[in-house]
Amino acid sequence: MPVLQVLRRLESGPRGLDEEQAQTRLERHGENVITASGRRHRGARLLRALTNPFVVILYILGSVFALIGAFGAAAMIGVMALISCSLQVRQEHRFDRVAATLRAIVVTTATVVRRASPEAPPVAREVPIDQLVPGDIVKLTSGEMVPADVRLLRSADLTVDQAVLTGESLPATKHTTGNEDDPAAQPPGAPTGDRRTFDCPWLCFMGSTISTGTATAVVVATGAWTYFGATNAELAPRRAETAFDRGVKGVSRALIGLMLVCAPLVFVVNAAVHGIRFAALWFAISVAVGLTPEMLPVMVSTALARGARASARHNVVIKRLPAIHNLGAIDVLCVDKTGTLTDDQISVDCHFDPYGNPDTEVLRWAAINSAWATNGDGAMLINELDEALLAHAEQLNIPLDAYTGVDVIPFDPPRRRSSVIVWTGHRLGAETLITKGAVEQVLDRCTRLRTDHDDAPLIPADRRRLDELADRHAADGVRLLAVAITERPAPARPHRPAEEQELTLVGFVGFRDHPRDSAPAAITALADRGVTVKVLTGDHPLVAARVCHDAGIDPGRIVLGEDITAVGDAELSELAAQTTVFARIDPEQKARIVRALRAAGRTVGFLGDGVNDSVALRDADVGITVESAVDIARESADVVLLRSDLHTVAEAITDGRRTFDNIKKYLEITISSNFGNVLSMLAASIMLPFLPMLPLQILVQNLCFDLCLLPLAFDHVDQRTLRRPRTFDSARLTRFVLLLGPANTLADLATFAILLHTTGSHPTPAAQALFHTGWFVENLLTQAAAIYLLRSRRLPSPRNRPALPVVLGTAVIAAIAVILPLSPLAGPLQMTALPGTCLLSLTFVLVLYCILISATKTLWHKIDSPTTHEPAEPPI
């Protein structure tokens with residue numbers, strides 16, 4: 001449709017909607033969000049819980065019990081699965097609420113033209129994206145996300161990254177005119193996701209990003225009515241697998257593998273020794289259930305949500321909760337220097353002609369470029385350099401109003417320069433093009449340079465002299481921009497970057513961003529946590545080196561973007577590992593460095609806030625940005641810092657490690673205990689003429705133990721555990737289990753000896769019930785003791801006490817062990833009250849177990865970290 005017909009159909013106009021119209025349409029169309037149905041959320045959470053691998057294993061084992069007629073055991077497994085699913089759904093609901101609350105802190109807005117009343121003038125203002133409605137007039141500029149499906153009204157040099165929709169890596173060119181009869185350009189109404197629709201030059205779609213240029217557009221669809229909303233599941237970008245994803249998969253595979261090995265082994269030993277295959281199968285299935293950590297997803301969700309809330313208190317917003325673990329696992333942090341190593345308070349340091357002489361005329365041309373770059377098509381393209389230029393020009397009373405802006409050729413990363421076209425009115429039909437940008441890129445476009453008397457040709461000797469001049473300032477930490485102009489007749493067509501040629505260099509403006517006072521201490525804090533900082537910048541290598549020196553970073557050999565282009569991925573992995581500072585690199589090279597570090601086995605965090613950082617933010621294990629970042633950076637990041645400071649990152653890393661340490665405790669305690677029980681059952685199968693514990697008793701014991709382990713998510717952690725990167729390590733977990741598990745077995749064997757002495761070698765059914773009850777009680781008591789003793793490197797003490805939820809959890813499991821044989825449930829579970837002498841003997845075994853497990857734990861920590869020493873700090 002023609003533009004006016006589109007506006008008429010949407011009952012809108014170039015002046016935008018008034019506030020009353022916008023409110024009415026918001027009530028009619030709903031908020032501009034993709035997922036509006038809470039029921040669908042609850043269904044998705046329930047489906048995830050029901051299809052969790054550990055719960056699926058319970059279904060299978062319960063079905064086997066039902067097939068062999070053990071309906072009581074099948075019902076118990078059903079109860080376990082139900083409890084696990086219910087807790088997981090409830091925790092994921094809280095998990096999602098925490099994530100939504102944190103994301104709401106960082107609101108993404110769009111520039112919308114609206115009127116306070118029908119008669120009021122239109123005003124461009126920022127509005128939260130979810131408040132957009134069809135008919136709104138929006139302003140778009142480089143770095144912003146397209147907030148809805150829109151039809152272009154005006155545009156200038158517009159390219160749009162549609163990779164999220166089409167998979168294409170190159171930006172698509174968009175403009176307001178085209179052939180309406182061209183079948184390749186389909187208007188709204190074509191099949192959803194049809195590639196021809198996305199190729200339509202005058203339509204931009206929610207989920208895409210403005211790469212270059214500016215535009216004014218009218219919203220034609222919002223929320224679920226957009227193309228992205230209609231196909232959200234298919235179009236949502238898939239992020240690279242992170243340390244959290246790899247760790248959870250590795251541990252899950254190891255646990256399932258342990259169950260698949262141990263359960264058949266128990267069956268074979270029992271069947272071979274006793275020849276009772278039916279009872280052996282029942283017993284083996286119960287062992288498999290006992291080895292299934294069905295509460296692991298609940299534990300992980302609880303710990304991550306708690307970690308995210310703790311990070312929020314440190315001004316860190318966790319957008320994707322698994323990122324809290326990935327923060328703790330970081331061992332390499334890639335940063336840009338601006339705003340992290342520096343104050344991000346940029347000021348004009350100098351302005352001089354091509355011969356190094358101070359010249360306010362250079363400042364005037366540069367400020368005119370900045371002034372009109374902020375006003376082209378009403379779009380705000382201003383950055384911190386422009387702000388500094390305009391402020392400095394105002395301080396010096398340099399007039400800028402003699403020129404009228406005609407057009408803007410906006411900045412983009414490949415060109416590394418921006419241009420404005422202005423007109424003075426003195427020469428009819430003549431325009432002045434003012435270009436400002438990186439020294440090399442502007443000098444490449446210059447053929448002349450301004451002198452005191454006239455313009456002279458730019459010869460190779462001048463180019464070498466100018467490069468040396470720029471290097472001297474860069475070595476002093478001054479960032480230079482070159483300024484060039486040309487006058488030419490006004491073209492009949494829109495202005496394009498190709499016009500930036502045959503320019504006359506008028507001089508340079510220099511900027512200084514002073515080092516952040518806190519940077520050296522923050523770098524030291526990160527190093528103390530085992531995190532290596534690497535600087536990735538597009539700036540001059542000498543500027544980067546000076547800033548790094550001031551921040552306490554040894555830059556070493558600086559690698560340039562051209563060096564990265566010249567090597568393959570394998571060589572880049574080695575180069576990235578040995579290099580601290582990368583300079584003159586483009587966005588794709590940043591992403592390549594991140595991918596190379598990850599390929600070498602490092603866990604990488606990337607801190608960036610610009611358009612050119614979005615790819616690296618997605619490719620890192622954890623993408624980190626700041627609240628003032630551009631839209632696409634905030635959308636790509638996993639973590640948003642409300643305070644731009646590396647100390648904030650260090651605090652978030654500490655929160656991540658604290659979170660993971662509690663997850664690790666759960667895994668170590670539950671798996672070592674269960675593994676020790678399996679060894680005990682194998683030994684009992686050989687030693688005893690009967691089953692050491694009934695299958696139903698195993699299931700009840702396992703359920704009680706798993707539930708009482710969940711409070712570990714709220715436990716304190718040792719200071720020492722926060723000093724190095726933490727992530728899932730299946731090999732280390734296996735070593736821990738192989739060392740600590742047999743300690744549980746020794747306690748069980750001592751219990752077997754005491755119980756056999758009490759019941760005799762060929763006990764009656766009543767004596768067997770006493771044996772089953774005795775081992776049940778001893779098992780739960782030693783498991784409660786294991787929680788206390790294994791939760792910390794050190795022994796329990798007033799300075800190393802567990803959190804209150806852990807105290808209550810262990811008290812509950814101990815109470816169950818003592819009370820259950822005396823309760824009405826003892827009959828259905830075939831238990832009996834224990835005599836006093838037996839309880840006294842079991843108390844002696846418990847004391848010996850505590851001594852043994854403490855000694856074994858000390859041995860483990862010496863093996864695990866033989867060169868470290870016990871910290872003096874209290875737990876936190």
# chains A, B, ... in the order shown; residues from 1 in each chain; ligands from 1
>>> residues_around(residues="Arg592 (chain A)", least_positions_apart="5", cutoff="12 Å", atoms="only C-alpha atoms", output="compact mmCIF listing (two decimals) with all heavy atoms, in the first residue's frame")
# COMPACT_ATOMS: atom_id res chain seq x y z
N LEU A 536 39.73 -6.11 24.91
CA LEU A 536 39.39 -6.18 23.49
C LEU A 536 38.84 -4.82 23.08
O LEU A 536 37.75 -4.44 23.53
CB LEU A 536 38.34 -7.27 23.23
CG LEU A 536 38.78 -8.73 23.14
CD1 LEU A 536 39.50 -9.18 24.38
CD2 LEU A 536 37.58 -9.63 22.87
N GLY A 561 43.87 -6.40 14.90
CA GLY A 561 42.84 -7.10 14.15
C GLY A 561 43.36 -7.78 12.91
O GLY A 561 42.94 -8.88 12.56
N ILE A 564 44.68 -11.16 13.68
CA ILE A 564 43.63 -12.16 13.91
C ILE A 564 43.10 -12.68 12.58
O ILE A 564 42.86 -13.88 12.41
CB ILE A 564 42.51 -11.55 14.76
CG1 ILE A 564 43.04 -11.18 16.14
CG2 ILE A 564 41.33 -12.51 14.88
CD1 ILE A 564 42.08 -10.41 16.98
N THR A 565 42.93 -11.78 11.62
CA THR A 565 42.44 -12.18 10.31
C THR A 565 43.39 -13.16 9.64
O THR A 565 42.96 -14.05 8.88
CB THR A 565 42.25 -10.94 9.42
OG1 THR A 565 41.36 -10.03 10.08
CG2 THR A 565 41.69 -11.31 8.05
N VAL A 567 45.21 -15.59 10.90
CA VAL A 567 45.39 -16.92 11.48
C VAL A 567 44.07 -17.69 11.49
O VAL A 567 42.99 -17.10 11.46
CB VAL A 567 45.94 -16.83 12.93
CG1 VAL A 567 47.28 -16.13 12.95
CG2 VAL A 567 44.96 -16.10 13.85
N GLY A 568 44.18 -19.00 11.53
CA GLY A 568 43.01 -19.86 11.61
C GLY A 568 42.52 -20.00 13.04
O GLY A 568 43.13 -19.47 13.98
N ASP A 569 41.44 -20.76 13.21
CA ASP A 569 40.84 -20.89 14.54
C ASP A 569 41.78 -21.57 15.53
O ASP A 569 41.85 -21.18 16.70
CB ASP A 569 39.53 -21.66 14.44
CG ASP A 569 38.44 -20.86 13.72
OD1 ASP A 569 38.61 -19.62 13.61
OD2 ASP A 569 37.46 -21.46 13.27
N ALA A 570 42.50 -22.61 15.08
CA ALA A 570 43.39 -23.33 15.99
C ALA A 570 44.52 -22.43 16.46
O ALA A 570 44.86 -22.39 17.66
CB ALA A 570 43.96 -24.57 15.30
N GLU A 571 45.13 -21.68 15.52
CA GLU A 571 46.21 -20.76 15.90
C GLU A 571 45.68 -19.64 16.78
O GLU A 571 46.36 -19.18 17.70
CB GLU A 571 46.86 -20.17 14.65
CG GLU A 571 47.59 -21.19 13.79
CD GLU A 571 46.67 -21.81 12.75
OE1 GLU A 571 45.43 -21.69 12.90
OE2 GLU A 571 47.18 -22.41 11.80
N LEU A 572 44.44 -19.20 16.51
CA LEU A 572 43.87 -18.12 17.31
C LEU A 572 43.66 -18.56 18.75
O LEU A 572 43.83 -17.77 19.68
CB LEU A 572 42.55 -17.65 16.70
CG LEU A 572 41.86 -16.49 17.43
CD1 LEU A 572 42.78 -15.28 17.52
CD2 LEU A 572 40.56 -16.12 16.75
N SER A 573 43.29 -19.83 18.99
CA SER A 573 43.12 -20.31 20.36
C SER A 573 44.41 -20.17 21.15
O SER A 573 44.41 -19.71 22.30
CB SER A 573 42.67 -21.78 20.35
OG SER A 573 41.37 -21.91 19.86
N LEU A 575 46.96 -18.11 20.33
CA LEU A 575 47.29 -16.69 20.40
C LEU A 575 46.46 -15.99 21.47
O LEU A 575 46.97 -15.18 22.24
CB LEU A 575 47.04 -16.05 19.03
CG LEU A 575 47.38 -14.56 18.88
CD1 LEU A 575 48.88 -14.34 19.08
CD2 LEU A 575 46.93 -14.05 17.53
N ALA A 576 45.16 -16.31 21.54
CA ALA A 576 44.28 -15.67 22.52
C ALA A 576 44.69 -16.03 23.94
O ALA A 576 44.58 -15.20 24.85
CB ALA A 576 42.84 -16.09 22.26
N PHE A 582 44.03 -6.85 22.84
CA PHE A 582 43.76 -6.87 21.40
C PHE A 582 43.24 -5.49 21.01
O PHE A 582 42.32 -4.96 21.65
CB PHE A 582 42.69 -7.92 21.05
CG PHE A 582 43.07 -9.33 21.43
CD1 PHE A 582 42.86 -9.81 22.72
CD2 PHE A 582 43.65 -10.17 20.50
CE1 PHE A 582 43.20 -11.10 23.06
CE2 PHE A 582 44.00 -11.47 20.85
CZ PHE A 582 43.78 -11.93 22.13
N ILE A 585 40.29 -4.06 16.60
CA ILE A 585 39.54 -5.24 16.19
C ILE A 585 38.10 -4.86 15.93
O ILE A 585 37.56 -3.93 16.52
CB ILE A 585 39.63 -6.37 17.25
CG1 ILE A 585 39.11 -5.90 18.60
CG2 ILE A 585 41.04 -6.88 17.36
CD1 ILE A 585 39.07 -7.00 19.64
N ASP A 586 37.47 -5.61 15.02
CA ASP A 586 36.08 -5.34 14.66
C ASP A 586 35.17 -6.31 15.41
O ASP A 586 35.65 -7.20 16.13
CB ASP A 586 35.89 -5.45 13.14
CG ASP A 586 36.24 -6.84 12.59
OD1 ASP A 586 36.03 -7.84 13.31
OD2 ASP A 586 36.71 -6.91 11.44
N PRO A 587 33.85 -6.15 15.29
CA PRO A 587 32.92 -7.00 16.07
C PRO A 587 33.10 -8.50 15.83
O PRO A 587 33.07 -9.29 16.79
CB PRO A 587 31.55 -6.52 15.59
CG PRO A 587 31.77 -5.11 15.16
CD PRO A 587 33.14 -5.07 14.59
N LEU A 597 38.81 -18.77 22.86
CA LEU A 597 39.09 -19.03 24.27
C LEU A 597 38.22 -20.16 24.80
O LEU A 597 38.68 -21.02 25.55
CB LEU A 597 38.86 -17.75 25.08
CG LEU A 597 39.90 -16.64 24.89
CD1 LEU A 597 39.41 -15.33 25.49
CD2 LEU A 597 41.24 -17.04 25.53
N ARG A 598 36.95 -20.17 24.40
CA ARG A 598 36.06 -21.25 24.85
C ARG A 598 36.48 -22.59 24.26
O ARG A 598 36.41 -23.63 24.94
CB ARG A 598 34.62 -20.93 24.46
CG ARG A 598 34.05 -19.71 25.17
CD ARG A 598 32.58 -19.56 24.89
NE ARG A 598 31.84 -20.69 25.43
CZ ARG A 598 30.64 -21.05 25.02
NH1 ARG A 598 30.04 -20.38 24.05
NH2 ARG A 598 30.03 -22.07 25.56
N ALA A 599 36.93 -22.58 23.00
CA ALA A 599 37.38 -23.82 22.38
C ALA A 599 38.60 -24.39 23.10
O ALA A 599 38.83 -25.60 23.07
CB ALA A 599 37.70 -23.59 20.90
N ASP A 613 29.28 -5.16 20.07
CA ASP A 613 29.56 -6.18 21.08
C ASP A 613 28.51 -7.28 21.12
O ASP A 613 28.68 -8.27 21.84
CB ASP A 613 29.63 -5.53 22.48
CG ASP A 613 30.79 -4.56 22.61
OD1 ASP A 613 31.85 -4.84 22.02
OD2 ASP A 613 30.63 -3.54 23.29
N VAL A 615 27.41 -9.71 19.15
CA VAL A 615 27.76 -11.09 18.76
C VAL A 615 28.62 -11.73 19.83
O VAL A 615 28.40 -12.89 20.23
CB VAL A 615 28.47 -11.10 17.40
CG1 VAL A 615 28.85 -12.53 17.01
CG2 VAL A 615 27.58 -10.50 16.32
N ALA A 616 29.63 -11.02 20.31
CA ALA A 616 30.50 -11.56 21.36
C ALA A 616 29.73 -11.82 22.64
O ALA A 616 30.00 -12.80 23.36
CB ALA A 616 31.66 -10.61 21.61
N LEU A 617 28.75 -10.96 22.97
CA LEU A 617 27.94 -11.17 24.16
C LEU A 617 27.18 -12.49 24.08
O LEU A 617 27.04 -13.20 25.08
CB LEU A 617 26.96 -10.01 24.33
CG LEU A 617 27.55 -8.69 24.84
CD1 LEU A 617 26.54 -7.56 24.67
CD2 LEU A 617 27.96 -8.80 26.31
N ARG A 618 26.69 -12.82 22.89
CA ARG A 618 25.94 -14.07 22.73
C ARG A 618 26.88 -15.29 22.70
O ARG A 618 26.49 -16.37 23.14
CB ARG A 618 25.11 -14.04 21.45
CG ARG A 618 23.86 -13.19 21.56
CD ARG A 618 22.92 -13.45 20.39
NE ARG A 618 21.68 -12.73 20.56
CZ ARG A 618 20.64 -13.17 21.26
NH1 ARG A 618 20.72 -14.34 21.87
NH2 ARG A 618 19.55 -12.45 21.38
N ASP A 619 28.08 -15.11 22.19
CA ASP A 619 28.98 -16.25 22.06
C ASP A 619 29.71 -16.60 23.35
O ASP A 619 30.28 -17.68 23.47
CB ASP A 619 30.01 -15.98 20.96
CG ASP A 619 29.42 -16.09 19.56
OD1 ASP A 619 28.31 -16.64 19.45
OD2 ASP A 619 30.05 -15.64 18.59
N ALA A 620 29.74 -15.67 24.31
CA ALA A 620 30.42 -15.93 25.58
C ALA A 620 29.61 -16.88 26.46
O ALA A 620 28.40 -17.05 26.26
CB ALA A 620 30.67 -14.61 26.31
>>> select_by_dssp(residues="region 546-608 of chain A", states="alpha helix (DSSP H)", output="ChimeraX atom specification")
/A:546-551,561-565,569-578,587-599
>>> residues_around(residues="region 514-520 of chain A", least_positions_apart="3", cutoff="7 Å", atoms="only C-alpha atoms", output="JSON, numbers by chain")
{"A": [341, 342, 343, 523, 524, 547, 550, 551, 552]}
>>> write_last_selection(atoms="N, CA, C and O atoms", output="compact mmCIF listing (two decimals), in the first residue's frame")
# COMPACT_ATOMS: atom_id res chain seq x y z
N LEU A 341 37.91 0.21 32.60
CA LEU A 341 39.22 0.65 33.08
C LEU A 341 39.30 2.16 33.17
O LEU A 341 40.21 2.70 33.81
N THR A 342 38.35 2.84 32.53
CA THR A 342 38.33 4.30 32.56
C THR A 342 37.02 4.79 33.17
O THR A 342 36.08 4.02 33.35
N ASP A 343 36.95 6.10 33.44
CA ASP A 343 35.78 6.68 34.11
C ASP A 343 34.59 6.85 33.18
O ASP A 343 33.48 7.15 33.64
N ILE A 523 41.04 -5.00 39.31
CA ILE A 523 41.82 -5.99 38.57
C ILE A 523 42.48 -6.97 39.54
O ILE A 523 42.51 -8.19 39.32
N THR A 524 42.99 -6.43 40.66
CA THR A 524 43.59 -7.29 41.68
C THR A 524 42.55 -8.22 42.30
O THR A 524 42.82 -9.41 42.53
N VAL A 547 46.28 2.98 28.78
CA VAL A 547 45.18 2.77 29.72
C VAL A 547 45.43 1.52 30.56
O VAL A 547 45.20 1.52 31.78
N ASP A 550 48.00 2.18 33.25
CA ASP A 550 47.42 2.98 34.34
C ASP A 550 46.50 2.13 35.23
O ASP A 550 46.34 2.44 36.41
N ALA A 551 45.88 1.08 34.65
CA ALA A 551 44.96 0.23 35.41
C ALA A 551 45.67 -0.94 36.09
O ALA A 551 45.02 -1.74 36.77
N GLY A 552 46.97 -1.05 35.90
CA GLY A 552 47.71 -2.12 36.54
C GLY A 552 47.74 -3.41 35.75
O GLY A 552 48.00 -4.48 36.31
>>> residues_around(residues="region 775-786 of chain A", least_positions_apart="4", cutoff="7 Å", atoms="only C-alpha atoms", output="list of chain:residue names")
A:Ile669, A:Ser673, A:Thr751, A:Phe771, A:Leu790, A:Thr810, A:Ile813, A:Ala814, A:Ala817, A:Val818, A:Leu842, A:Leu846, A:Cys850
>>> closest_residue(among="A:Ala156, A:Ile671, A:Ile330, A:Ile368", to="Asp407 (chain A)", atoms="only C-alpha atoms")
A:Ala156
>>> residues_around(residues="Leu82 (chain A)", least_positions_apart="5", cutoff="10 Å", atoms="only C-alpha atoms", output="list in words")
Ala49, Leu50, Val55, Met76, Ile77, Leu87 and Gln88 of chain A
>>> select_by_dssp(residues="region 295-437 of chain A", states="strand (DSSP E or B)", output="ChimeraX atom specification")
/A:316-318,332-335,342,347-352,358,404-409,417-423,430-437
>>> closest_residue(among="A:Ala683, A:Val531, A:Ala833, A:Asp718", to="Asn800 (chain A)", atoms="only C-alpha atoms")
A:Asp718
>>> residues_around(residues="Thr745 (chain A)", least_positions_apart="5", cutoff="8 Å", atoms="only C-alpha atoms", output="list of chain:residue names")
A:Gly676, A:Asn677, A:Leu679, A:Ser680
>>> residues_around(residues="Glu294 (chain A)", least_positions_apart="4", cutoff="12 Å", atoms="only C-alpha atoms", output="JSON, numbers by chain")
{"A": [49, 50, 51, 52, 53, 54, 55, 56, 57, 58, 59, 77, 78, 79, 80, 81, 82, 83, 84, 85, 86, 87, 88, 252, 255, 256, 288, 289, 290, 298, 299, 300, 667, 670, 671, 702, 703, 705, 706, 707, 709, 710]}
>>> closest_residue(among="A:Ile863, A:Ala769, A:Leu804, A:Ala373", to="Leu739 (chain A)", atoms="only C-alpha atoms")
A:Ile863
>>> closest_residue(among="A:Leu682, A:Leu733, A:Leu822, A:Val506", to="Asp359 (chain A)", atoms="only C-alpha atoms")
A:Val506
